[in-house]
Structure formats: C-alpha cells, structure tokens
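Down below is the structure, laid out as structure tokens.
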Amino acid sequence: MKVQADNLGKKFVREWIFRKLDLELNSAERLAILGSNGSGKSTLLQVLSGYQIQTEGSISYTVQGKPLTQEELFRHISIATPYMELVEELSLPELIQFQGSFKPFLPGIKLHEIPALLQLEKTAAKEIRFFSSGMKQRVKLGLAILSDTSLLLLDEPCSNLDRIGIAWYHSMIKLYGKDRTIIVCSNHQIDEYEFCERHLVVEDFKNSKVAV
C-alpha cells in the first residue's frame with residue numbers, strides 16, 4: 001500500500017498535536033514514528049489508520065495503483081496498540097476464529113497453527129483474561145501481523161515483552177512482514193523499529209512544515 005499525506009494536521013481544543021506534515025510512503029516501505037511519551041505519535045498513527053479524522057490536510061491510500069475509499073480501507077489495514085482491547089472471555093482459539101471471521105489471515109496460515117506461531121499453544125485453552133500482559137501483547141501483535149493486509153500499524157510493539165518476546169517479534173516481522181508497508185510508533189526504543197529505513201519525529205511537526 002502507498003500512503004500519502006498532504007499538509008496533515010490534528011488539533012485538540014486549541015492545541016496542535018502535529019501540523020503541516022507531508023508524507024509519501026511507498027509500498028513495502030517501513031517508517032518509524034518517533035517521539036517522547038505524550039508527543040502525539042499515537043494520535044498520528046490513529047489518523048493514518050482512519051480511526052481519527054484529521055483537522056486539516058488529506059490522506060490517500062493506493063493499493064496496486066488503485067485508490068481506496070474510506071469504506072474499503074479497513075480491509076487493508078491491521079493494527080496492534082497497547083490500548084487495544086481483546087475479547088477476554090474467549091479462549092485463544094475462539095479469539096482467532098472470531099478474528100478470522102471478519103479479516104482473513106495470510107495465505108497458507110491455518111487457524112489451528114496460530115497458537116504455536118504465537119508460542120502460546122500450551123496456554124491456548126485458557127480464557128484471554130487469564131493471560132499475562134506479555135502473552136496478551138503477543139496475541140495483539142500476532143493477530144495483526146498474520147492478518148492478510150497490505151498496511152501494518154504497530155504502536156510500541158515491544159510493550160510488556162521480555163527478551164524472548166522481543167526476539168519472537170523480530171522473527172514474525174522477518175517472516176510475515178515482507179512486501180508490506182509497515183509503520184511503527186516508538187518512544188525511541190530501537191528494538192521496536194530497527195528494521196525501519198525511514199524515521200519521522202513527531203516533535204518536528206508542531207509548527208514548521210517538513211516533508212518526509
């Protein structure tokens with residue numbers, strides 16, 4: 001997916017979170033949105049995902065040369081964020097089946113194989129509410145990465161992951177992130193975005209116009 005933003009800005013009440021942001025992200029490029037806590041990087045990601053509407057400017061999305069409408073966008077985007085809620089009353093297989101009912105997984109991925117891909121097969125029978133924070137983060141990341149989408153959005157993906165979990169995250173991106181456009185939000189934690197060739201610092205877009 002190609003993403004293009006022109007003169008993008010988002011304001012809450014009288015405060016501009018970011019403004020005058022131009023971005024052209026080509027298909028299969030990888031971008032890290034960097035900033036300190038509270039800088040607005042998560043807000044920018046939500047605007048780019050279509051979850052929030054920008055105050056000014058425009059965003060367009062193109063897949064294989066075809067422009068996408070806002071109604072079509074959700075089919076092409078998967079996202080994982082720390083604030084995203086899981087259906088905690090479901091077991092992992094039930095959650096996977098639920099997810100697959102409205103967004104298909106990558107070709108060749110079988111539903112019964114996913115718990116093992118998440119390295120959670122031993123606890124798959126438990127309800128999600130009994131998972132640790134690190135296990136829940138693996139579920140969020142895994143469902144996003146394994147979804148058959150052309151744009152993958154990850155907000156602070158290494159939150160609650162230990163060293164083994166971070167290594168798992170890197171392997172998942174390497175195996176299943178090929179030929180996909182990826183945007184990662186991070187507060188400068190290099191483990192989260194070391195595979196991104198482009199960087200955008202949110203604080204640079206408070207007042208000045210900068211092209212990325």
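Following the order of the structure tokens, first chain is A, next is B, and so on, with residues numbered from 1 inside each chain and ligands from 1 in the order they appear.
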
Interface rows for range 99-136 of chain A against range 165-181 of chain A: nearest pair, Å to one decimal, 9 Å, only C-alpha atoms, as CSV:
```
residue,atom,partner,partner_atom,distance
A:Leu106,CA,A:Tyr176,CA,8.4
A:Leu117,CA,A:Met172,CA,8.6
A:Leu118,CA,A:Trp168,CA,8.3
A:Gln119,CA,A:Trp168,CA,8.5
A:Gly134,CA,A:Gly165,CA,7.7
A:Met135,CA,A:Gly165,CA,8.9
```

Using only C-alpha atoms, tabulate the residues of range 125-178 of chain A lying at most 9 Å from any atom of range 34-49 of chain A, each with its closest atom pair and that distance in Å to one decimal, by chain and increasing residue number, as CSV.
```
residue,atom,partner,partner_atom,distance
A:Leu153,CA,A:Leu45,CA,7.4
A:Leu154,CA,A:Leu45,CA,8.5
A:Asp155,CA,A:Ser42,CA,6.7
A:Glu156,CA,A:Ser42,CA,8.9
```

Okay, now the selection with C-alpha atoms, as a JSON list (two decimals), in the first residue's frame?
```
[["chain", "number", "residue", "atom", "x", "y", "z"],
["A", 153, "LEU", "CA", 0.46, -0.42, 12.02],
["A", 154, "LEU", "CA", 2.22, -1.13, 15.32],
["A", 155, "ASP", "CA", 2.20, 1.19, 18.35],
["A", 156, "GLU", "CA", 5.00, 0.50, 20.85]]
```

Name the residues of range 12-114 of chain A that fall into helix (DSSP H, G or I) according to DSSP on the backbone, using the chain letters and numbers of this document, as a PyMOL selection string.
-> chain A and resi 41-49+70-76+92-102+111-114

Save the residues we just selected, C-alpha atoms, as a PDB file, in the first residue's frame?
```pdb
ATOM      1  CA  LYS A  41       2.801   9.764  17.828  1.00  0.00           C
ATOM      2  CA  SER A  42      -0.141   7.502  18.723  1.00  0.00           C
ATOM      3  CA  THR A  43      -2.575  10.205  17.585  1.00  0.00           C
ATOM      4  CA  LEU A  44      -0.758  10.432  14.258  1.00  0.00           C
ATOM      5  CA  LEU A  45      -0.958   6.656  13.869  1.00  0.00           C
ATOM      6  CA  GLN A  46      -4.700   6.724  14.563  1.00  0.00           C
ATOM      7  CA  VAL A  47      -5.170   9.455  11.968  1.00  0.00           C
ATOM      8  CA  LEU A  48      -3.179   7.465   9.412  1.00  0.00           C
ATOM      9  CA  SER A  49      -5.303   4.399  10.204  1.00  0.00           C
ATOM     10  CA  GLN A  70     -12.577   5.169   3.265  1.00  0.00           C
ATOM     11  CA  GLU A  71     -15.079   2.304   3.309  1.00  0.00           C
ATOM     12  CA  GLU A  72     -12.537  -0.091   1.757  1.00  0.00           C
ATOM     13  CA  LEU A  73      -9.634   0.938   3.977  1.00  0.00           C
ATOM     14  CA  PHE A  74     -10.292  -1.335   6.960  1.00  0.00           C
ATOM     15  CA  ARG A  75      -9.858  -4.462   4.827  1.00  0.00           C
ATOM     16  CA  HIS A  76      -6.283  -3.450   4.009  1.00  0.00           C
ATOM     17  CA  LEU A  92      -7.210 -18.090  22.181  1.00  0.00           C
ATOM     18  CA  PRO A  93      -8.649 -20.474  19.516  1.00  0.00           C
ATOM     19  CA  GLU A  94     -12.045 -18.777  19.856  1.00  0.00           C
ATOM     20  CA  LEU A  95     -10.458 -15.335  19.502  1.00  0.00           C
ATOM     21  CA  ILE A  96      -8.509 -16.465  16.432  1.00  0.00           C
ATOM     22  CA  GLN A  97     -11.691 -17.836  14.838  1.00  0.00           C
ATOM     23  CA  PHE A  98     -13.530 -14.601  15.687  1.00  0.00           C
ATOM     24  CA  GLN A  99     -10.743 -12.509  14.141  1.00  0.00           C
ATOM     25  CA  GLY A 100     -10.679 -14.660  11.021  1.00  0.00           C
ATOM     26  CA  SER A 101     -14.423 -14.241  10.521  1.00  0.00           C
ATOM     27  CA  PHE A 102     -14.055 -10.573   9.580  1.00  0.00           C
ATOM     28  CA  LEU A 111      -6.200 -21.318  12.220  1.00  0.00           C
ATOM     29  CA  HIS A 112      -5.100 -24.273  14.336  1.00  0.00           C
ATOM     30  CA  GLU A 113      -1.434 -23.384  13.716  1.00  0.00           C
ATOM     31  CA  ILE A 114      -1.647 -19.835  15.048  1.00  0.00           C
TER      32      ILE A 114
END
```

Hey, can you check how far CA of Leu68 in chain A sits from CA of Val139 in chain A?
->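 For CA of Leu68 in chain A relative to CA of Val139 in chain A, the distance reads 28.2 Å.
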
Using only C-alpha atoms, what does the table of range 69-165 of chain A residues within 12 Å of range 24-29 of chain A look like, with each row giving the shortest atom pair and its distance in Å to one decimal, sorted by chain and ascending number, as a tab-separated table?
```
residue	atom	partner	partner_atom	distance
A:Thr149	CA	A:Ala28	CA	11.7
A:Ser150	CA	A:Ala28	CA	8.3
A:Leu151	CA	A:Ala28	CA	8.5
A:Leu152	CA	A:Ala28	CA	10.0
```
